[in-house]
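Source file coords33.txt; content: compact mmCIF, N, CA and C atoms.
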```txt
# COMPACT_ATOMS: atom_id res chain seq x y z
N MET A 1 0.84 -1.18 0.00
CA MET A 1 0.00 0.00 0.00
C MET A 1 0.88 1.24 0.00
N GLU A 2 0.36 2.29 -0.59
CA GLU A 2 1.14 3.52 -0.73
C GLU A 2 1.30 4.25 0.61
N GLY A 3 2.36 5.01 0.72
CA GLY A 3 2.65 5.72 1.96
C GLY A 3 1.78 6.94 2.20
N ASP A 4 1.10 7.43 1.15
CA ASP A 4 0.32 8.66 1.30
C ASP A 4 -1.14 8.39 1.67
N LEU A 5 -1.42 7.20 2.17
CA LEU A 5 -2.78 6.87 2.56
C LEU A 5 -3.06 7.36 3.98
N PRO A 6 -4.34 7.63 4.30
CA PRO A 6 -4.67 8.06 5.65
C PRO A 6 -4.21 7.02 6.67
N ALA A 7 -3.67 7.48 7.78
CA ALA A 7 -3.18 6.57 8.82
C ALA A 7 -4.35 5.90 9.52
N SER A 8 -4.12 4.67 9.97
CA SER A 8 -5.13 3.96 10.75
C SER A 8 -4.98 4.37 12.21
N ARG A 9 -5.99 5.04 12.72
CA ARG A 9 -5.90 5.57 14.08
C ARG A 9 -6.22 4.53 15.16
N HIS A 10 -6.91 3.46 14.79
CA HIS A 10 -7.36 2.50 15.79
C HIS A 10 -6.64 1.15 15.67
N GLY A 11 -5.71 1.06 14.74
CA GLY A 11 -4.98 -0.19 14.55
C GLY A 11 -5.87 -1.32 14.03
N ASN A 12 -6.98 -0.96 13.40
CA ASN A 12 -7.92 -1.98 12.90
C ASN A 12 -7.82 -2.16 11.39
N LEU A 13 -6.72 -1.65 10.82
CA LEU A 13 -6.49 -1.77 9.38
C LEU A 13 -5.22 -2.59 9.17
N LYS A 14 -5.37 -3.71 8.45
CA LYS A 14 -4.22 -4.58 8.21
C LYS A 14 -4.04 -4.79 6.71
N THR A 15 -2.80 -5.08 6.33
CA THR A 15 -2.50 -5.43 4.95
C THR A 15 -2.04 -6.87 4.91
N ALA A 16 -2.64 -7.65 4.02
CA ALA A 16 -2.20 -9.03 3.82
C ALA A 16 -1.30 -9.04 2.60
N SER A 17 -0.01 -9.24 2.84
CA SER A 17 0.93 -9.19 1.72
C SER A 17 1.52 -10.56 1.41
N SER A 18 0.89 -11.62 1.93
CA SER A 18 1.29 -12.98 1.58
C SER A 18 0.12 -13.92 1.84
N ASP A 19 0.14 -15.08 1.19
CA ASP A 19 -0.91 -16.08 1.41
C ASP A 19 -1.00 -16.46 2.88
N GLN A 20 0.16 -16.61 3.51
CA GLN A 20 0.20 -17.00 4.92
C GLN A 20 -0.49 -15.96 5.80
N THR A 21 -0.18 -14.68 5.55
CA THR A 21 -0.80 -13.60 6.33
C THR A 21 -2.31 -13.61 6.15
N LEU A 22 -2.76 -13.74 4.90
CA LEU A 22 -4.19 -13.71 4.63
C LEU A 22 -4.88 -14.92 5.26
N SER A 23 -4.25 -16.09 5.19
CA SER A 23 -4.80 -17.29 5.83
C SER A 23 -4.96 -17.08 7.33
N ASP A 24 -3.93 -16.50 7.94
CA ASP A 24 -3.97 -16.22 9.39
C ASP A 24 -5.10 -15.25 9.72
N ILE A 25 -5.23 -14.20 8.90
CA ILE A 25 -6.27 -13.20 9.13
C ILE A 25 -7.65 -13.84 9.01
N LEU A 26 -7.84 -14.67 7.98
CA LEU A 26 -9.14 -15.34 7.78
C LEU A 26 -9.47 -16.25 8.96
N LEU A 27 -8.48 -16.96 9.46
CA LEU A 27 -8.68 -17.82 10.65
C LEU A 27 -9.08 -16.97 11.85
N GLN A 28 -8.41 -15.84 11.99
CA GLN A 28 -8.68 -14.91 13.09
C GLN A 28 -10.12 -14.39 13.02
N ILE A 29 -10.56 -14.03 11.80
CA ILE A 29 -11.92 -13.53 11.59
C ILE A 29 -12.92 -14.61 12.00
N LYS A 30 -12.64 -15.86 11.58
CA LYS A 30 -13.56 -16.97 11.88
C LYS A 30 -13.63 -17.27 13.37
N SER A 31 -12.49 -17.20 14.05
CA SER A 31 -12.48 -17.56 15.47
C SER A 31 -12.88 -16.40 16.39
N SER A 32 -12.48 -15.18 16.04
CA SER A 32 -12.77 -14.04 16.91
C SER A 32 -14.19 -13.54 16.76
N LYS A 33 -14.79 -13.81 15.62
CA LYS A 33 -16.15 -13.37 15.29
C LYS A 33 -16.29 -11.85 15.24
N THR A 34 -15.15 -11.16 15.11
CA THR A 34 -15.16 -9.71 14.95
C THR A 34 -15.68 -9.39 13.55
N PRO A 35 -16.60 -8.41 13.42
CA PRO A 35 -17.03 -8.04 12.08
C PRO A 35 -15.84 -7.50 11.28
N ALA A 36 -15.76 -7.90 10.02
CA ALA A 36 -14.61 -7.52 9.21
C ALA A 36 -15.00 -7.28 7.77
N VAL A 37 -14.19 -6.48 7.10
CA VAL A 37 -14.35 -6.27 5.67
C VAL A 37 -12.98 -6.44 5.02
N ILE A 38 -12.96 -7.28 3.99
CA ILE A 38 -11.72 -7.50 3.25
C ILE A 38 -11.84 -6.86 1.88
N ASN A 39 -10.85 -6.06 1.56
CA ASN A 39 -10.78 -5.37 0.27
C ASN A 39 -9.74 -6.11 -0.58
N TYR A 40 -10.21 -6.83 -1.60
CA TYR A 40 -9.30 -7.52 -2.51
C TYR A 40 -9.02 -6.60 -3.69
N GLY A 41 -7.75 -6.22 -3.83
CA GLY A 41 -7.38 -5.30 -4.89
C GLY A 41 -6.06 -5.67 -5.52
N ALA A 42 -5.56 -4.78 -6.37
CA ALA A 42 -4.28 -4.99 -7.03
C ALA A 42 -3.66 -3.64 -7.34
N THR A 43 -2.33 -3.59 -7.34
CA THR A 43 -1.64 -2.32 -7.57
C THR A 43 -1.90 -1.78 -8.96
N TRP A 44 -2.11 -2.69 -9.95
CA TRP A 44 -2.33 -2.26 -11.33
C TRP A 44 -3.78 -1.86 -11.60
N CYS A 45 -4.64 -2.04 -10.61
CA CYS A 45 -6.07 -1.75 -10.78
C CYS A 45 -6.35 -0.30 -10.38
N ARG A 46 -6.67 0.52 -11.37
CA ARG A 46 -6.88 1.95 -11.16
C ARG A 46 -8.03 2.22 -10.18
N VAL A 47 -9.13 1.48 -10.35
CA VAL A 47 -10.30 1.65 -9.49
C VAL A 47 -9.95 1.30 -8.03
N CYS A 48 -9.14 0.25 -7.85
CA CYS A 48 -8.71 -0.16 -6.50
C CYS A 48 -7.95 0.97 -5.82
N ASN A 49 -7.04 1.57 -6.58
CA ASN A 49 -6.22 2.66 -6.04
C ASN A 49 -7.06 3.88 -5.71
N GLN A 50 -8.14 4.09 -6.47
CA GLN A 50 -9.01 5.23 -6.22
C GLN A 50 -9.82 5.06 -4.93
N ILE A 51 -10.25 3.83 -4.65
CA ILE A 51 -11.12 3.58 -3.49
C ILE A 51 -10.31 3.33 -2.22
N LEU A 52 -9.04 3.02 -2.35
CA LEU A 52 -8.22 2.66 -1.19
C LEU A 52 -8.16 3.73 -0.09
N PRO A 53 -7.95 5.01 -0.44
CA PRO A 53 -7.95 6.03 0.63
C PRO A 53 -9.27 6.08 1.39
N ALA A 54 -10.38 5.91 0.69
CA ALA A 54 -11.70 5.92 1.33
C ALA A 54 -11.83 4.71 2.26
N PHE A 55 -11.32 3.57 1.84
CA PHE A 55 -11.33 2.35 2.65
C PHE A 55 -10.55 2.59 3.95
N CYS A 56 -9.38 3.23 3.82
CA CYS A 56 -8.55 3.54 4.98
C CYS A 56 -9.25 4.51 5.92
N LYS A 57 -9.91 5.52 5.34
CA LYS A 57 -10.65 6.50 6.14
C LYS A 57 -11.78 5.84 6.91
N LEU A 58 -12.46 4.88 6.26
CA LEU A 58 -13.56 4.18 6.91
C LEU A 58 -13.08 3.43 8.15
N SER A 59 -11.85 2.94 8.11
CA SER A 59 -11.31 2.21 9.27
C SER A 59 -11.23 3.13 10.49
N ASN A 60 -11.08 4.43 10.25
CA ASN A 60 -11.04 5.40 11.34
C ASN A 60 -12.45 5.72 11.86
N SER A 61 -13.43 5.61 10.98
CA SER A 61 -14.81 5.91 11.36
C SER A 61 -15.51 4.73 12.04
N PHE A 62 -15.03 3.52 11.77
CA PHE A 62 -15.66 2.32 12.32
C PHE A 62 -14.63 1.48 13.08
N PRO A 63 -14.25 1.93 14.29
CA PRO A 63 -13.17 1.27 15.04
C PRO A 63 -13.46 -0.17 15.45
N LYS A 64 -14.74 -0.55 15.50
CA LYS A 64 -15.08 -1.92 15.94
C LYS A 64 -14.97 -2.95 14.82
N LEU A 65 -14.83 -2.46 13.60
CA LEU A 65 -14.70 -3.35 12.44
C LEU A 65 -13.23 -3.57 12.11
N SER A 66 -12.90 -4.76 11.64
CA SER A 66 -11.55 -5.02 11.14
C SER A 66 -11.55 -4.75 9.64
N PHE A 67 -10.56 -4.00 9.18
CA PHE A 67 -10.40 -3.69 7.76
C PHE A 67 -9.13 -4.37 7.26
N ILE A 68 -9.26 -5.13 6.19
CA ILE A 68 -8.09 -5.83 5.64
C ILE A 68 -7.97 -5.53 4.16
N TYR A 69 -6.77 -5.13 3.76
CA TYR A 69 -6.50 -4.97 2.33
C TYR A 69 -5.64 -6.14 1.88
N ALA A 70 -6.11 -6.87 0.88
CA ALA A 70 -5.36 -8.01 0.36
C ALA A 70 -5.04 -7.79 -1.11
N ASP A 71 -3.75 -7.79 -1.44
CA ASP A 71 -3.32 -7.65 -2.84
C ASP A 71 -3.35 -9.02 -3.49
N ILE A 72 -4.15 -9.17 -4.54
CA ILE A 72 -4.33 -10.49 -5.15
C ILE A 72 -3.04 -11.03 -5.77
N ASP A 73 -2.13 -10.15 -6.14
CA ASP A 73 -0.86 -10.61 -6.72
C ASP A 73 0.10 -11.12 -5.63
N GLU A 74 -0.08 -10.61 -4.41
CA GLU A 74 0.79 -11.03 -3.30
C GLU A 74 0.21 -12.23 -2.56
N CYS A 75 -1.08 -12.49 -2.77
CA CYS A 75 -1.76 -13.63 -2.13
C CYS A 75 -2.46 -14.49 -3.19
N PRO A 76 -1.69 -15.04 -4.15
CA PRO A 76 -2.32 -15.71 -5.29
C PRO A 76 -3.14 -16.96 -4.93
N GLU A 77 -2.69 -17.72 -3.94
CA GLU A 77 -3.39 -18.95 -3.57
C GLU A 77 -4.72 -18.65 -2.87
N THR A 78 -4.66 -17.77 -1.89
CA THR A 78 -5.84 -17.48 -1.06
C THR A 78 -6.85 -16.58 -1.77
N THR A 79 -6.48 -16.01 -2.92
CA THR A 79 -7.41 -15.12 -3.61
C THR A 79 -7.82 -15.68 -4.98
N GLN A 80 -7.62 -16.97 -5.20
CA GLN A 80 -7.97 -17.58 -6.49
C GLN A 80 -9.43 -17.38 -6.87
N HIS A 81 -10.31 -17.31 -5.86
CA HIS A 81 -11.75 -17.17 -6.10
C HIS A 81 -12.15 -15.76 -6.51
N ILE A 82 -11.24 -14.81 -6.38
CA ILE A 82 -11.57 -13.42 -6.71
C ILE A 82 -11.49 -13.22 -8.22
N ARG A 83 -12.61 -12.81 -8.81
CA ARG A 83 -12.69 -12.66 -10.27
C ARG A 83 -12.68 -11.20 -10.71
N TYR A 84 -12.82 -10.30 -9.75
CA TYR A 84 -13.01 -8.89 -10.10
C TYR A 84 -12.35 -8.04 -9.02
N THR A 85 -11.66 -6.98 -9.44
CA THR A 85 -11.09 -6.07 -8.45
C THR A 85 -11.66 -4.67 -8.66
N PRO A 86 -11.97 -3.94 -7.58
CA PRO A 86 -11.92 -4.44 -6.21
C PRO A 86 -13.15 -5.28 -5.84
N THR A 87 -12.94 -6.25 -4.97
CA THR A 87 -14.04 -7.02 -4.37
C THR A 87 -13.96 -6.79 -2.87
N PHE A 88 -15.10 -6.47 -2.28
CA PHE A 88 -15.18 -6.27 -0.83
C PHE A 88 -16.02 -7.40 -0.25
N GLN A 89 -15.47 -8.11 0.72
CA GLN A 89 -16.22 -9.17 1.37
C GLN A 89 -16.42 -8.81 2.84
N PHE A 90 -17.66 -9.00 3.30
CA PHE A 90 -18.04 -8.63 4.66
C PHE A 90 -18.28 -9.87 5.50
N TYR A 91 -17.70 -9.87 6.69
CA TYR A 91 -17.82 -11.02 7.59
C TYR A 91 -18.49 -10.59 8.89
N ARG A 92 -19.36 -11.46 9.38
CA ARG A 92 -19.96 -11.25 10.70
C ARG A 92 -20.07 -12.61 11.38
N ASP A 93 -19.69 -12.66 12.65
CA ASP A 93 -19.69 -13.91 13.42
C ASP A 93 -18.94 -15.03 12.71
N GLY A 94 -17.84 -14.65 12.05
CA GLY A 94 -16.99 -15.62 11.39
C GLY A 94 -17.49 -16.11 10.05
N GLU A 95 -18.65 -15.64 9.60
CA GLU A 95 -19.22 -16.06 8.32
C GLU A 95 -19.22 -14.91 7.32
N ARG A 96 -19.02 -15.24 6.04
CA ARG A 96 -19.13 -14.22 5.01
C ARG A 96 -20.60 -13.93 4.76
N VAL A 97 -20.99 -12.68 4.94
CA VAL A 97 -22.41 -12.33 4.85
C VAL A 97 -22.75 -11.45 3.65
N ASP A 98 -21.74 -10.89 3.02
CA ASP A 98 -22.03 -9.95 1.93
C ASP A 98 -20.80 -9.78 1.05
N GLU A 99 -21.04 -9.31 -0.16
CA GLU A 99 -19.96 -9.09 -1.11
C GLU A 99 -20.35 -7.91 -2.00
N MET A 100 -19.37 -7.09 -2.30
CA MET A 100 -19.62 -5.94 -3.16
C MET A 100 -18.50 -5.85 -4.20
N PHE A 101 -18.88 -5.61 -5.44
CA PHE A 101 -17.90 -5.49 -6.51
C PHE A 101 -17.80 -4.05 -6.98
N GLY A 102 -16.58 -3.62 -7.29
CA GLY A 102 -16.39 -2.29 -7.82
C GLY A 102 -16.28 -1.25 -6.73
N ALA A 103 -16.09 -0.01 -7.17
CA ALA A 103 -15.87 1.08 -6.22
C ALA A 103 -17.17 1.79 -5.91
N GLY A 104 -17.07 3.06 -5.58
CA GLY A 104 -18.22 3.85 -5.17
C GLY A 104 -18.14 4.10 -3.69
N GLU A 105 -17.64 5.28 -3.32
CA GLU A 105 -17.41 5.59 -1.90
C GLU A 105 -18.69 5.54 -1.09
N GLU A 106 -19.78 6.09 -1.64
CA GLU A 106 -21.06 6.12 -0.92
C GLU A 106 -21.53 4.69 -0.66
N ARG A 107 -21.48 3.90 -1.73
CA ARG A 107 -21.93 2.51 -1.68
C ARG A 107 -21.14 1.73 -0.64
N LEU A 108 -19.81 1.94 -0.65
CA LEU A 108 -18.93 1.25 0.29
C LEU A 108 -19.24 1.69 1.72
N HIS A 109 -19.39 3.00 1.91
CA HIS A 109 -19.71 3.52 3.25
C HIS A 109 -21.01 2.91 3.76
N ASP A 110 -22.05 2.88 2.92
CA ASP A 110 -23.36 2.36 3.32
C ASP A 110 -23.25 0.88 3.70
N ARG A 111 -22.48 0.15 2.93
CA ARG A 111 -22.33 -1.29 3.17
C ARG A 111 -21.56 -1.53 4.47
N VAL A 112 -20.50 -0.76 4.70
CA VAL A 112 -19.72 -0.87 5.92
C VAL A 112 -20.59 -0.51 7.13
N TRP A 113 -21.34 0.56 6.98
CA TRP A 113 -22.24 1.02 8.05
C TRP A 113 -23.25 -0.07 8.39
N LEU A 114 -23.79 -0.69 7.36
CA LEU A 114 -24.79 -1.75 7.51
C LEU A 114 -24.23 -2.92 8.33
N HIS A 115 -22.96 -3.23 8.11
CA HIS A 115 -22.37 -4.41 8.74
C HIS A 115 -21.59 -4.10 10.02
N SER A 116 -21.61 -2.84 10.44
CA SER A 116 -20.83 -2.49 11.64
C SER A 116 -21.67 -2.67 12.91
```
Starting from the file, give its structure as structure tokens.
Amino acid sequence: MEGDLPASRHGNLKTASSDQTLSDILLQIKSSKTPAVINYGATWCRVCNQILPAFCKLSNSFPKLSFIYADIDECPETTQHIRYTPTFQFYRDGERVDEMFGAGEERLHDRVWLHS
């Protein structure tokens, strides 16, 4: 992730930069039952880069949610099922409850708000 992104004030924003990290995070989500949103993106994806600052900002607005950014090129095994970037997956009580494709700050905010 780029250095000019908004800082995470609550420590609830993580980056998965390897399959192992993403696997660990997914296990954590399943066992902790903390509500979470995973943003699957790629550095070459223009739309992903456009929505990323908003995703980071949302982590500051919703401290009880876990925010995870996963780069599909850095986590090829664990992201094989991802067909479109960006893809946002929402978890509650360890289960995936929702999925959103594409950007749209308003849409993302509403979805995050809904699941927080």
Of A:Glu77, A:Asp93, A:Asp71, A:Asp98, the one nearest to Gln28 of chain A when counting only C-alpha atoms is A:Asp93
If you measure from atom CA of Ser23 of chain A to atom N of Gly102 of chain A, what distance in Å do you get, rounded to one decimal?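 Between atom CA of Ser23 of chain A and atom N of Gly102 of chain A the gap works out to 22.3 Å.
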Counting only C-alpha atoms, figure out which residue out of A:Ser116, A:Ser66, A:Thr85, A:Asn12 gets nearest to Leu26 of chain A. A:Ser66
A:Ala42, A:Pro35, A:Leu22, A:Leu13 ranked by distance to His115 of chain A, top pick (using all atoms listed in the file):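 Of A:Ala42, A:Pro35, A:Leu22, A:Leu13, the one nearest His115 of chain A is A:Pro35, counting all atoms listed in the file.
Here atom CA of Gly11 of chain A and atom CA of Ala36 of chain A stand 13.2 Å from one another.
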Looking only at the backbone, which of the residues in chain A does DSSP tag as strand (DSSP E), as a list in words?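 Here are the strand (DSSP E) residues of chain A: Leu13, Lys14, Thr15, Ala16, Ala36, Val37, Ile38, Asn39, Tyr40, Gly41, Ser66, Phe67, Ile68, Tyr69, Ala70, Asp71, Thr87, Phe88, Gln89, Phe90, Tyr91, Arg92, Glu95, Arg96, Val97, Asp98, Glu99, Met100 and Phe101 of chain A.
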Put those residues in a file: N, CA and C atoms, as a CSV table (one decimal), in the coordinates of the input.
```
chain,number,residue,atom,x,y,z
A,13,LEU,N,-6.7,-1.6,10.8
A,13,LEU,CA,-6.5,-1.8,9.4
A,13,LEU,C,-5.2,-2.6,9.2
A,14,LYS,N,-5.4,-3.7,8.4
A,14,LYS,CA,-4.2,-4.6,8.2
A,14,LYS,C,-4.0,-4.8,6.7
A,15,THR,N,-2.8,-5.1,6.3
A,15,THR,CA,-2.5,-5.4,5.0
A,15,THR,C,-2.0,-6.9,4.9
A,16,ALA,N,-2.6,-7.6,4.0
A,16,ALA,CA,-2.2,-9.0,3.8
A,16,ALA,C,-1.3,-9.0,2.6
A,36,ALA,N,-15.8,-7.9,10.0
A,36,ALA,CA,-14.6,-7.5,9.2
A,36,ALA,C,-15.0,-7.3,7.8
A,37,VAL,N,-14.2,-6.5,7.1
A,37,VAL,CA,-14.4,-6.3,5.7
A,37,VAL,C,-13.0,-6.4,5.0
A,38,ILE,N,-13.0,-7.3,4.0
A,38,ILE,CA,-11.7,-7.5,3.2
A,38,ILE,C,-11.8,-6.9,1.9
A,39,ASN,N,-10.8,-6.1,1.6
A,39,ASN,CA,-10.8,-5.4,0.3
A,39,ASN,C,-9.7,-6.1,-0.6
A,40,TYR,N,-10.2,-6.8,-1.6
A,40,TYR,CA,-9.3,-7.5,-2.5
A,40,TYR,C,-9.0,-6.6,-3.7
A,41,GLY,N,-7.8,-6.2,-3.8
A,41,GLY,CA,-7.4,-5.3,-4.9
A,41,GLY,C,-6.1,-5.7,-5.5
A,66,SER,N,-12.9,-4.8,11.6
A,66,SER,CA,-11.6,-5.0,11.1
A,66,SER,C,-11.6,-4.8,9.6
A,67,PHE,N,-10.6,-4.0,9.2
A,67,PHE,CA,-10.4,-3.7,7.8
A,67,PHE,C,-9.1,-4.4,7.3
A,68,ILE,N,-9.3,-5.1,6.2
A,68,ILE,CA,-8.1,-5.8,5.6
A,68,ILE,C,-8.0,-5.5,4.2
A,69,TYR,N,-6.8,-5.1,3.8
A,69,TYR,CA,-6.5,-5.0,2.3
A,69,TYR,C,-5.6,-6.1,1.9
A,70,ALA,N,-6.1,-6.9,0.9
A,70,ALA,CA,-5.4,-8.0,0.4
A,70,ALA,C,-5.0,-7.8,-1.1
A,71,ASP,N,-3.8,-7.8,-1.4
A,71,ASP,CA,-3.3,-7.6,-2.8
A,71,ASP,C,-3.4,-9.0,-3.5
A,87,THR,N,-12.9,-6.2,-5.0
A,87,THR,CA,-14.0,-7.0,-4.4
A,87,THR,C,-14.0,-6.8,-2.9
A,88,PHE,N,-15.1,-6.5,-2.3
A,88,PHE,CA,-15.2,-6.3,-0.8
A,88,PHE,C,-16.0,-7.4,-0.2
A,89,GLN,N,-15.5,-8.1,0.7
A,89,GLN,CA,-16.2,-9.2,1.4
A,89,GLN,C,-16.4,-8.8,2.8
A,90,PHE,N,-17.7,-9.0,3.3
A,90,PHE,CA,-18.0,-8.6,4.7
A,90,PHE,C,-18.3,-9.9,5.5
A,91,TYR,N,-17.7,-9.9,6.7
A,91,TYR,CA,-17.8,-11.0,7.6
A,91,TYR,C,-18.5,-10.6,8.9
A,92,ARG,N,-19.4,-11.5,9.4
A,92,ARG,CA,-20.0,-11.2,10.7
A,92,ARG,C,-20.1,-12.6,11.4
A,95,GLU,N,-18.6,-15.6,9.6
A,95,GLU,CA,-19.2,-16.1,8.3
A,95,GLU,C,-19.2,-14.9,7.3
A,96,ARG,N,-19.0,-15.2,6.0
A,96,ARG,CA,-19.1,-14.2,5.0
A,96,ARG,C,-20.6,-13.9,4.8
A,97,VAL,N,-21.0,-12.7,4.9
A,97,VAL,CA,-22.4,-12.3,4.8
A,97,VAL,C,-22.8,-11.4,3.6
A,98,ASP,N,-21.7,-10.9,3.0
A,98,ASP,CA,-22.0,-10.0,1.9
A,98,ASP,C,-20.8,-9.8,1.0
A,99,GLU,N,-21.0,-9.3,-0.2
A,99,GLU,CA,-20.0,-9.1,-1.1
A,99,GLU,C,-20.4,-7.9,-2.0
A,100,MET,N,-19.4,-7.1,-2.3
A,100,MET,CA,-19.6,-5.9,-3.2
A,100,MET,C,-18.5,-5.8,-4.2
A,101,PHE,N,-18.9,-5.6,-5.4
A,101,PHE,CA,-17.9,-5.5,-6.5
A,101,PHE,C,-17.8,-4.0,-7.0
```
d(atom CA of Gly41 of chain A, atom CA of Ser17 of chain A) in Å: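 Straight-line distance from atom CA of Gly41 of chain A to atom CA of Ser17 of chain A works out to 11.3 Å.
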If DSSP is run on the backbone, what residues of segment 9-113 of chain A are alpha helix (DSSP H)? A reply as a VMD selection string would be ideal. chain A and resid 19 to 32 46 to 61 105 to 113
Could you check the closest approach to Ala103 of chain A for each of A:Ser32, A:Gln50, A:Ser18, A:Thr79 and tell me which residue wins, using only N, CA and C atoms? A:Gln50
When you look at Tyr84 of chain A with a cut-off of 6.5 Å (counting only N, CA and C atoms), what residues show up, excluding the ones that are within fewer than 3 positions of it in the same chain? I need them as a PyMOL selection string. chain A and resi 40+81+87+102
Of the listed residues A:Thr21, A:Tyr69, A:Arg107, A:Gln80, that which approaches Val37 of chain A most closely, counting all atoms listed in the file: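 Smallest distance to Val37 of chain A is found for A:Tyr69.
Of the listed residues (A:Ile25, A:Ala16, A:Cys45, A:Leu108), A:Ala16 comes nearest to Pro76 of chain A; the distances count only C-alpha atoms.
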